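Participant: Input upload.txt, format and content: compact mmCIF, C-alpha atoms and all ligand atoms.
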```
# COMPACT_ATOMS: atom_id res chain seq x y z
CA MET K 1 -2.77 -0.30 -0.55
CA ARG K 2 -1.69 -3.92 -0.20
CA VAL K 3 0.58 -4.79 2.72
CA LEU K 4 2.52 -7.98 3.44
CA VAL K 5 3.11 -8.71 7.13
CA VAL K 6 5.68 -11.42 7.94
CA GLU K 7 5.48 -12.04 11.68
CA ASP K 8 5.57 -15.29 13.67
CA GLU K 9 3.97 -13.91 16.85
CA THR K 10 0.38 -14.86 16.13
CA ALA K 11 -1.27 -12.33 18.44
CA LEU K 12 0.79 -9.43 17.05
CA ALA K 13 0.22 -10.53 13.46
CA GLN K 14 -3.52 -10.77 14.04
CA GLN K 15 -3.63 -7.37 15.71
CA LEU K 16 -1.71 -5.79 12.84
CA ARG K 17 -4.02 -7.37 10.30
CA GLU K 18 -7.13 -6.05 12.04
CA ARG K 19 -5.82 -2.53 12.45
CA LEU K 20 -4.40 -2.23 8.94
CA VAL K 21 -7.64 -3.56 7.43
CA ALA K 22 -9.57 -1.04 9.56
CA ASP K 23 -7.32 1.63 8.02
CA GLY K 24 -8.41 0.58 4.55
CA MET K 25 -5.56 -1.69 3.53
CA VAL K 26 -5.51 -5.14 1.99
CA VAL K 27 -3.33 -7.33 4.22
CA ASP K 28 -1.62 -10.69 3.76
CA VAL K 29 -0.01 -12.28 6.81
CA ALA K 30 2.78 -14.87 6.59
CA ALA K 31 3.78 -16.71 9.79
CA ASP K 32 7.32 -17.70 8.79
CA GLY K 33 10.08 -16.63 6.44
CA ARG K 34 9.41 -19.26 3.82
CA GLU K 35 5.75 -18.35 3.55
CA GLY K 36 6.79 -14.70 3.49
CA LEU K 37 9.07 -15.38 0.54
CA TYR K 38 6.26 -17.14 -1.30
CA TYR K 39 3.83 -14.22 -0.81
CA GLY K 40 6.51 -11.62 -1.42
CA GLU K 41 7.48 -13.11 -4.77
CA GLU K 42 3.99 -14.10 -5.87
CA TYR K 43 2.07 -10.87 -5.31
CA GLY K 44 2.62 -7.19 -5.88
CA TYR K 45 2.76 -5.16 -2.67
CA ASP K 46 2.88 -1.48 -1.89
CA VAL K 47 4.88 -2.11 1.28
CA ALA K 48 5.97 -5.00 3.56
CA VAL K 49 6.55 -5.38 7.30
CA VAL K 50 9.12 -8.07 8.13
CA ASP K 51 10.03 -9.28 11.62
CA LEU K 52 13.71 -10.24 11.63
CA GLY K 53 13.44 -13.20 14.00
CA LEU K 54 11.44 -15.72 11.96
CA PRO K 55 11.28 -19.51 11.76
CA GLU K 56 12.16 -21.38 8.52
CA LEU K 57 13.96 -18.45 6.92
CA ASP K 58 15.24 -15.47 8.91
CA GLY K 59 14.11 -11.96 8.04
CA VAL K 60 17.47 -10.75 6.73
CA THR K 61 17.72 -13.68 4.29
CA LEU K 62 14.10 -13.18 3.28
CA ILE K 63 14.78 -9.54 2.40
CA GLN K 64 17.96 -10.45 0.49
CA ARG K 65 16.02 -12.99 -1.58
CA LEU K 66 13.22 -10.53 -2.34
CA ARG K 67 15.72 -7.89 -3.44
CA GLU K 68 17.67 -10.42 -5.53
CA GLY K 69 14.35 -11.24 -7.20
CA GLU K 70 13.84 -7.55 -8.12
CA ARG K 71 11.01 -6.98 -5.64
CA ARG K 72 11.34 -3.26 -5.08
CA TYR K 73 8.49 -2.29 -2.76
CA PRO K 74 9.58 -0.66 0.49
CA ILE K 75 10.22 -2.93 3.49
CA LEU K 76 10.04 -1.98 7.15
CA ILE K 77 11.75 -4.35 9.59
CA LEU K 78 10.70 -5.09 13.17
CA THR K 79 13.67 -5.56 15.50
CA ALA K 80 14.42 -6.16 19.17
CA ARG K 81 14.67 -2.93 21.16
CA ASP K 82 18.42 -2.68 21.66
CA SER K 83 19.84 -4.59 18.76
CA TRP K 84 21.53 -2.00 16.56
CA GLN K 85 23.28 -4.90 14.79
CA ASP K 86 19.90 -6.23 13.61
CA LYS K 87 18.90 -2.83 12.29
CA VAL K 88 22.14 -2.52 10.35
CA ALA K 89 21.88 -6.06 8.96
CA GLY K 90 18.28 -5.51 7.89
CA LEU K 91 18.96 -2.17 6.23
CA GLU K 92 22.01 -3.54 4.45
CA ALA K 93 19.95 -6.50 3.19
CA GLY K 94 17.64 -4.01 1.46
CA ALA K 95 15.11 -2.85 4.07
CA ASP K 96 14.13 0.83 4.02
CA ASP K 97 13.18 1.55 7.61
CA TYR K 98 12.95 -0.14 11.01
CA LEU K 99 10.86 -0.09 14.13
CA ALA K 100 11.90 -1.61 17.48
CA LYS K 101 9.47 -3.81 19.40
CA PRO K 102 7.32 -3.02 21.26
CA PHE K 103 5.95 -0.19 19.13
CA HIS K 104 2.85 1.94 18.88
CA TYR K 105 0.62 1.02 15.96
CA GLU K 106 0.26 4.70 15.01
CA GLU K 107 4.01 4.96 14.50
CA LEU K 108 4.05 1.86 12.31
CA LEU K 109 1.19 3.25 10.22
CA ALA K 110 2.85 6.64 9.81
CA ARG K 111 6.11 5.00 8.73
CA LEU K 112 4.35 2.72 6.24
CA ARG K 113 2.51 5.66 4.70
CA ALA K 114 5.73 7.66 4.48
CA LEU K 115 7.54 4.75 2.79
CA VAL K 116 4.77 4.32 0.23
CA ARG K 117 4.53 7.99 -0.70
CA ARG K 118 8.32 8.37 -0.87
CA SER K 119 8.61 5.32 -3.14
CA SER K 120 6.16 7.12 -5.46
CA GLY K 121 8.25 10.29 -5.36
CA PHE K 122 6.09 12.34 -2.98
CA ALA K 123 7.77 14.03 -0.03
CA SER K 124 4.64 15.67 1.39
CA PRO K 125 1.73 13.73 2.93
CA VAL K 126 -0.56 15.92 0.81
CA LEU K 127 -0.45 14.65 -2.77
CA ARG K 128 -1.10 17.37 -5.35
CA LEU K 129 -1.63 16.54 -9.00
CA GLY K 130 -3.53 18.33 -11.75
CA GLY K 131 -5.79 20.39 -9.46
CA ILE K 132 -6.51 17.42 -7.18
CA GLU K 133 -5.26 17.62 -3.61
CA LEU K 134 -5.34 14.44 -1.52
CA ASP K 135 -4.43 14.62 2.16
CA THR K 136 -3.26 11.12 3.10
CA VAL K 137 -3.40 11.84 6.84
CA ALA K 138 -6.81 13.51 7.07
CA LYS K 139 -8.07 11.41 4.12
CA GLU K 140 -9.61 14.49 2.55
CA VAL K 141 -9.77 15.40 -1.11
CA LYS K 142 -10.07 18.82 -2.71
CA VAL K 143 -10.58 19.58 -6.38
CA SER K 144 -9.62 23.09 -7.45
CA GLY K 145 -9.62 24.02 -3.76
CA SER K 146 -13.12 22.70 -2.95
CA ARG K 147 -13.60 19.74 -0.65
CA ILE K 148 -15.39 16.72 -2.13
CA ASP K 149 -16.82 13.78 -0.21
CA LEU K 150 -15.63 10.33 -1.20
CA THR K 151 -16.50 6.93 0.22
CA ALA K 152 -13.62 4.89 1.64
CA TYR K 153 -13.49 2.80 -1.54
CA GLU K 154 -13.44 5.85 -3.79
CA TYR K 155 -10.75 7.47 -1.64
CA ASN K 156 -8.53 4.37 -1.76
CA LEU K 157 -8.95 4.16 -5.52
CA LEU K 158 -8.00 7.81 -6.02
CA GLU K 159 -5.03 7.51 -3.65
CA TYR K 160 -3.72 4.50 -5.57
CA LEU K 161 -4.07 6.26 -8.93
CA MET K 162 -2.38 9.40 -7.56
CA LEU K 163 0.52 7.32 -6.23
CA HIS K 164 0.97 5.94 -9.77
CA PRO K 165 0.43 8.98 -11.99
CA ASN K 166 0.63 8.68 -15.77
CA LYS K 167 0.90 4.93 -15.45
CA VAL K 168 -1.68 2.54 -16.88
CA VAL K 169 -3.16 0.64 -13.93
CA SER K 170 -5.10 -2.49 -14.83
CA LYS K 171 -8.37 -3.54 -13.23
CA THR K 172 -6.64 -6.64 -11.91
CA GLU K 173 -3.99 -4.51 -10.22
CA LEU K 174 -6.67 -2.31 -8.66
CA THR K 175 -8.61 -5.34 -7.43
CA GLU K 176 -5.49 -6.88 -5.90
CA HIS K 177 -4.28 -3.71 -4.22
CA LEU K 178 -7.58 -2.26 -3.07
CA TYR K 179 -10.40 -4.71 -2.80
CA ALA K 180 -9.05 -8.24 -2.54
CA GLN K 181 -10.82 -9.05 0.70
CA ASP K 182 -14.14 -7.49 -0.11
CA PHE K 183 -15.09 -8.62 -3.57
CA GLU K 184 -14.95 -11.43 -5.99
CA ARG K 185 -12.52 -10.65 -8.77
CA ASP K 186 -15.22 -8.85 -10.69
CA SER K 187 -13.92 -6.08 -12.87
CA ASN K 188 -17.41 -4.58 -13.15
CA VAL K 189 -17.12 -3.46 -9.55
CA ILE K 190 -14.00 -1.49 -10.42
CA GLU K 191 -15.78 0.10 -13.38
CA VAL K 192 -18.59 1.23 -11.11
CA PHE K 193 -16.15 2.79 -8.61
CA VAL K 194 -14.16 4.52 -11.33
CA GLY K 195 -17.40 5.91 -12.80
CA ARG K 196 -18.51 7.32 -9.45
CA LEU K 197 -15.09 8.75 -8.71
CA ARG K 198 -14.98 10.45 -12.11
CA ARG K 199 -18.34 12.10 -11.54
CA LYS K 200 -17.28 13.40 -8.14
CA LEU K 201 -13.91 14.68 -9.33
CA ASP K 202 -15.26 16.19 -12.50
CA PRO K 203 -19.05 16.72 -12.42
CA GLU K 204 -19.00 18.92 -15.53
CA GLY K 205 -16.92 16.43 -17.53
CA GLU K 206 -14.33 19.07 -18.36
CA LEU K 207 -11.12 17.89 -16.72
CA ARG K 208 -11.31 14.16 -17.42
CA PRO K 209 -8.53 13.31 -14.98
CA ILE K 210 -8.95 9.52 -15.27
CA ALA K 211 -8.52 8.15 -18.78
CA THR K 212 -9.72 4.69 -19.81
CA ILE K 213 -7.11 2.84 -21.81
CA ARG K 214 -9.13 0.31 -23.75
CA GLY K 215 -8.32 -3.29 -22.86
CA GLN K 216 -5.61 -2.20 -20.40
CA GLY K 217 -7.04 -0.18 -17.55
CA TYR K 218 -6.98 3.39 -16.27
CA ARG K 219 -4.52 6.20 -16.13
CA LEU K 220 -4.53 9.32 -14.02
CA ALA K 221 -3.19 11.75 -16.58
CA VAL K 222 -1.54 14.90 -15.25
CA GLU K 223 0.97 17.39 -16.54
CA CA K 301 9.80 -13.22 15.78
```
Please, can you express the file's structure as structure tokens?
Facilitator:
Amino acid sequence: MRVLVVEDETALAQQLRERLVADGMVVDVAADGREGLYYGEEYGYDVAVVDLGLPELDGVTLIQRLREGERRYPILILTARDSWQDKVAGLEAGADDYLAKPFHYEELLARLRALVRRSSGFASPVLRLGGIELDTVAKEVKVSGSRIDLTAYEYNLLEYLMLHPNKVVSKTELTEHLYAQDFERDSNVIEVFVGRLRRKLDPEGELRPIATIRGQGYRLAVE
């Protein structure tokens, strides 16, 4: 999952980056609204966190510009504790949720996860598709009811594919959303992870849940 954080308080931004990365996410941090607009338009994100009080370009205008530019990923705004006006302005600009400062990181994380799964059409934190059950809170995976052990990379890959079912996902997209900070842009690495994940999901080679679309990428095919 790739997250954009637009926050001008350096210490908070740094803390968010560290914790989100520790939770398996790829994180870009922008320190002002203009930089946030650049990142937000240039890259594909699964979700964004936008502080409303920002230098250069305020958060409400930033969100309006992103929405005018057809950027549809969910956005959570950070607001001052008692400013209901800010919350209203942010939501009406196109944000999807808000959190008042100061906040607990766990609440931010839970809200971000909920936004991402809802934008993919899942209401439950347990994603169920074609005999695969992925618990996004416990980070556990079951196939036909039996628990399988995945590495963090394999889990993140499967979660991303399950959040985009029946869609062809390119290797570039997977690299950008899952592994940007860990690897060179080497598509062989993705092939290796997909191969391992396939063997764990389907050791007998019967279900073939992940199809290779030649020259385009992968698709988690489910009914
Ligand atoms: Ca601020």
Participant: Using all atoms listed in the file, pick whichever of K:Arg2, K:Lys87, K:Lys101, K:Arg17 has the shortest atom-to-atom distance to ligand CA 301 (chain K).
Facilitator: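 Result for the nearest residue to ligand CA 301 (chain K): K:Lys101.
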Participant: How would you write as an NGL selection string the residues that get within 10 Å of (-6.0, 1.1, 4.9) in the file's frame, counting only C-alpha atoms?
Facilitator: :K and (1-3 or 19-27 or 109 or 113 or 152 or 156 or 178)
Participant: So which residues are near ligand CA 301 (chain K), meaning at most 9 Å away with all atoms listed in the file counted, given back as a PyMOL selection string?
Facilitator: chain K and resi 7-9+32+51-55+59+78-79
Participant: Taking every listed atom of range 121-139 of chain K and adding 3 Å to each side, what centre and edge lengths in Å (one decimal) does the axis-aligned box have, as AutoDock Vina command-line options?
Facilitator:
```
--center_x 0.1 --center_y 15.3 --center_z -2.3 --size_x 22.3 --size_y 16.1 --size_z 24.8
```
Participant: Tell me which protein, DNA and RNA residues are within 8 Å of range 11-13 of chain K, counting all atoms listed in the file, leaving out same-chain ones fewer than 5 positions away, and put them as a list of chain:residue names.
Facilitator: K:Val5, K:Val6, K:Val29
Participant: CA of Leu99 in chain K and CA of Glu18 in chain K are how many Å apart?
Facilitator: 19.1 Å
Participant: Please compute the CA of Val168 in chain K-CA of Asn188 in chain K distance, one decimal, in Å.
Facilitator: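 Separation between CA of Val168 in chain K and CA of Asn188 in chain K: 17.7 Å.
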Participant: Nearest to Arg67 in chain K: which of K:Leu16, K:Leu91, K:Ala30, K:Leu201 is it, counting all atoms listed in the file?
Facilitator: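 Using all atoms listed in the file, the shortest distance to Arg67 in chain K belongs to K:Leu91.
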Participant: Which is closer to Arg199 in chain K than all the others in K:Leu150, K:Leu163, K:Leu76, K:Leu220, using only C-alpha atoms?
Facilitator: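 Checking each of K:Leu150, K:Leu163, K:Leu76, K:Leu220 against Arg199 in chain K, counting only C-alpha atoms, the winner is K:Leu150.
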Participant: If I only have part of range 153-164 of chain K, can you fill in all heavy atoms and write it as a PDB file, in the coordinates of the input?
Facilitator:
```pdb
ATOM      1  N   TYR K 153     -13.950   3.494  -0.343  1.00  0.00           N
ATOM      2  CA  TYR K 153     -13.490   2.800  -1.540  1.00  0.00           C
ATOM      3  C   TYR K 153     -13.026   3.788  -2.615  1.00  0.00           C
ATOM      4  O   TYR K 153     -12.013   3.584  -3.272  1.00  0.00           O
ATOM      5  CB  TYR K 153     -14.610   1.937  -2.122  1.00  0.00           C
ATOM      6  CG  TYR K 153     -14.901   0.709  -1.309  1.00  0.00           C
ATOM      7  CD1 TYR K 153     -16.201   0.392  -0.958  1.00  0.00           C
ATOM      8  CD2 TYR K 153     -13.871  -0.136  -0.910  1.00  0.00           C
ATOM      9  CE1 TYR K 153     -16.477  -0.741  -0.200  1.00  0.00           C
ATOM     10  CE2 TYR K 153     -14.138  -1.272  -0.166  1.00  0.00           C
ATOM     11  CZ  TYR K 153     -15.434  -1.568   0.194  1.00  0.00           C
ATOM     12  OH  TYR K 153     -15.703  -2.674   0.926  1.00  0.00           O
ATOM     13  N   GLU K 154     -13.806   4.848  -2.780  1.00  0.00           N
ATOM     14  CA  GLU K 154     -13.440   5.850  -3.790  1.00  0.00           C
ATOM     15  C   GLU K 154     -12.125   6.534  -3.404  1.00  0.00           C
ATOM     16  O   GLU K 154     -11.261   6.774  -4.251  1.00  0.00           O
ATOM     17  CB  GLU K 154     -14.559   6.889  -3.928  1.00  0.00           C
ATOM     18  CG  GLU K 154     -15.824   6.323  -4.563  1.00  0.00           C
ATOM     19  CD  GLU K 154     -17.069   7.153  -4.275  1.00  0.00           C
ATOM     20  OE1 GLU K 154     -16.963   8.183  -3.548  1.00  0.00           O
ATOM     21  OE2 GLU K 154     -18.145   6.763  -4.739  1.00  0.00           O
ATOM     22  N   TYR K 155     -11.986   6.832  -2.107  1.00  0.00           N
ATOM     23  CA  TYR K 155     -10.750   7.470  -1.640  1.00  0.00           C
ATOM     24  C   TYR K 155      -9.543   6.569  -1.916  1.00  0.00           C
ATOM     25  O   TYR K 155      -8.514   7.019  -2.436  1.00  0.00           O
ATOM     26  CB  TYR K 155     -10.840   7.784  -0.135  1.00  0.00           C
ATOM     27  CG  TYR K 155      -9.516   8.261   0.404  1.00  0.00           C
ATOM     28  CD1 TYR K 155      -9.179   9.606   0.379  1.00  0.00           C
ATOM     29  CD2 TYR K 155      -8.572   7.345   0.882  1.00  0.00           C
ATOM     30  CE1 TYR K 155      -7.936  10.035   0.809  1.00  0.00           C
ATOM     31  CE2 TYR K 155      -7.330   7.767   1.311  1.00  0.00           C
ATOM     32  CZ  TYR K 155      -7.016   9.106   1.278  1.00  0.00           C
ATOM     33  OH  TYR K 155      -5.781   9.510   1.687  1.00  0.00           O
ATOM     34  N   ASN K 156      -9.651   5.291  -1.565  1.00  0.00           N
ATOM     35  CA  ASN K 156      -8.530   4.370  -1.760  1.00  0.00           C
ATOM     36  C   ASN K 156      -8.159   4.246  -3.236  1.00  0.00           C
ATOM     37  O   ASN K 156      -6.981   4.150  -3.587  1.00  0.00           O
ATOM     38  CB  ASN K 156      -8.869   2.987  -1.197  1.00  0.00           C
ATOM     39  CG  ASN K 156      -8.909   2.986   0.323  1.00  0.00           C
ATOM     40  OD1 ASN K 156      -8.298   3.837   0.971  1.00  0.00           O
ATOM     41  ND2 ASN K 156      -9.621   2.037   0.899  1.00  0.00           N
ATOM     42  N   LEU K 157      -9.178   4.235  -4.081  1.00  0.00           N
ATOM     43  CA  LEU K 157      -8.950   4.160  -5.520  1.00  0.00           C
ATOM     44  C   LEU K 157      -8.191   5.394  -6.012  1.00  0.00           C
ATOM     45  O   LEU K 157      -7.183   5.282  -6.728  1.00  0.00           O
ATOM     46  CB  LEU K 157     -10.304   4.042  -6.236  1.00  0.00           C
ATOM     47  CG  LEU K 157     -10.321   4.150  -7.755  1.00  0.00           C
ATOM     48  CD1 LEU K 157      -9.508   3.034  -8.387  1.00  0.00           C
ATOM     49  CD2 LEU K 157     -11.771   4.086  -8.257  1.00  0.00           C
ATOM     50  N   LEU K 158      -8.655   6.575  -5.586  1.00  0.00           N
ATOM     51  CA  LEU K 158      -8.000   7.810  -6.020  1.00  0.00           C
ATOM     52  C   LEU K 158      -6.559   7.874  -5.483  1.00  0.00           C
ATOM     53  O   LEU K 158      -5.635   8.248  -6.212  1.00  0.00           O
ATOM     54  CB  LEU K 158      -8.796   9.037  -5.553  1.00  0.00           C
ATOM     55  CG  LEU K 158      -8.187  10.379  -5.941  1.00  0.00           C
ATOM     56  CD1 LEU K 158      -8.115  10.534  -7.462  1.00  0.00           C
ATOM     57  CD2 LEU K 158      -8.988  11.537  -5.339  1.00  0.00           C
ATOM     58  N   GLU K 159      -6.380   7.478  -4.232  1.00  0.00           N
ATOM     59  CA  GLU K 159      -5.030   7.510  -3.650  1.00  0.00           C
ATOM     60  C   GLU K 159      -4.091   6.607  -4.455  1.00  0.00           C
ATOM     61  O   GLU K 159      -2.967   6.995  -4.769  1.00  0.00           O
ATOM     62  CB  GLU K 159      -5.076   7.050  -2.189  1.00  0.00           C
ATOM     63  CG  GLU K 159      -3.719   7.106  -1.501  1.00  0.00           C
ATOM     64  CD  GLU K 159      -3.739   6.471  -0.120  1.00  0.00           C
ATOM     65  OE1 GLU K 159      -3.978   5.255  -0.011  1.00  0.00           O
ATOM     66  OE2 GLU K 159      -3.535   7.199   0.859  1.00  0.00           O
ATOM     67  N   TYR K 160      -4.565   5.427  -4.810  1.00  0.00           N
ATOM     68  CA  TYR K 160      -3.720   4.500  -5.570  1.00  0.00           C
ATOM     69  C   TYR K 160      -3.350   5.092  -6.928  1.00  0.00           C
ATOM     70  O   TYR K 160      -2.191   5.050  -7.346  1.00  0.00           O
ATOM     71  CB  TYR K 160      -4.410   3.143  -5.738  1.00  0.00           C
ATOM     72  CG  TYR K 160      -3.452   2.083  -6.224  1.00  0.00           C
ATOM     73  CD1 TYR K 160      -2.622   1.414  -5.327  1.00  0.00           C
ATOM     74  CD2 TYR K 160      -3.340   1.785  -7.573  1.00  0.00           C
ATOM     75  CE1 TYR K 160      -1.719   0.472  -5.771  1.00  0.00           C
ATOM     76  CE2 TYR K 160      -2.430   0.841  -8.024  1.00  0.00           C
ATOM     77  CZ  TYR K 160      -1.622   0.192  -7.111  1.00  0.00           C
ATOM     78  OH  TYR K 160      -0.705  -0.738  -7.551  1.00  0.00           O
ATOM     79  N   LEU K 161      -4.346   5.664  -7.609  1.00  0.00           N
ATOM     80  CA  LEU K 161      -4.070   6.260  -8.930  1.00  0.00           C
ATOM     81  C   LEU K 161      -3.106   7.440  -8.803  1.00  0.00           C
ATOM     82  O   LEU K 161      -2.226   7.622  -9.634  1.00  0.00           O
ATOM     83  CB  LEU K 161      -5.375   6.703  -9.599  1.00  0.00           C
ATOM     84  CG  LEU K 161      -6.311   5.578 -10.044  1.00  0.00           C
ATOM     85  CD1 LEU K 161      -7.640   6.153 -10.505  1.00  0.00           C
ATOM     86  CD2 LEU K 161      -5.676   4.740 -11.161  1.00  0.00           C
ATOM     87  N   MET K 162      -3.265   8.233  -7.730  1.00  0.00           N
ATOM     88  CA  MET K 162      -2.380   9.400  -7.560  1.00  0.00           C
ATOM     89  C   MET K 162      -0.954   8.977  -7.213  1.00  0.00           C
ATOM     90  O   MET K 162       0.002   9.677  -7.518  1.00  0.00           O
ATOM     91  CB  MET K 162      -2.934  10.359  -6.513  1.00  0.00           C
ATOM     92  CG  MET K 162      -4.158  11.094  -7.040  1.00  0.00           C
ATOM     93  SD  MET K 162      -4.787  12.361  -5.920  1.00  0.00           S
ATOM     94  CE  MET K 162      -3.628  13.716  -6.191  1.00  0.00           C
ATOM     95  N   LEU K 163      -0.826   7.817  -6.558  1.00  0.00           N
ATOM     96  CA  LEU K 163       0.520   7.320  -6.230  1.00  0.00           C
ATOM     97  C   LEU K 163       1.193   6.697  -7.458  1.00  0.00           C
ATOM     98  O   LEU K 163       2.383   6.400  -7.428  1.00  0.00           O
ATOM     99  CB  LEU K 163       0.461   6.300  -5.089  1.00  0.00           C
ATOM    100  CG  LEU K 163       0.191   6.892  -3.694  1.00  0.00           C
ATOM    101  CD1 LEU K 163      -0.144   5.797  -2.695  1.00  0.00           C
ATOM    102  CD2 LEU K 163       1.361   7.729  -3.200  1.00  0.00           C
ATOM    103  N   HIS K 164       0.414   6.493  -8.535  1.00  0.00           N
ATOM    104  CA  HIS K 164       0.970   5.940  -9.770  1.00  0.00           C
ATOM    105  C   HIS K 164       0.554   6.796 -10.966  1.00  0.00           C
ATOM    106  O   HIS K 164      -0.095   6.312 -11.889  1.00  0.00           O
ATOM    107  CB  HIS K 164       0.493   4.488  -9.969  1.00  0.00           C
ATOM    108  CG  HIS K 164       0.859   3.598  -8.828  1.00  0.00           C
ATOM    109  ND1 HIS K 164       0.083   3.477  -7.694  1.00  0.00           N
ATOM    110  CD2 HIS K 164       1.941   2.824  -8.622  1.00  0.00           C
ATOM    111  CE1 HIS K 164       0.669   2.644  -6.855  1.00  0.00           C
ATOM    112  NE2 HIS K 164       1.794   2.226  -7.377  1.00  0.00           N
TER     113      HIS K 164
END
```
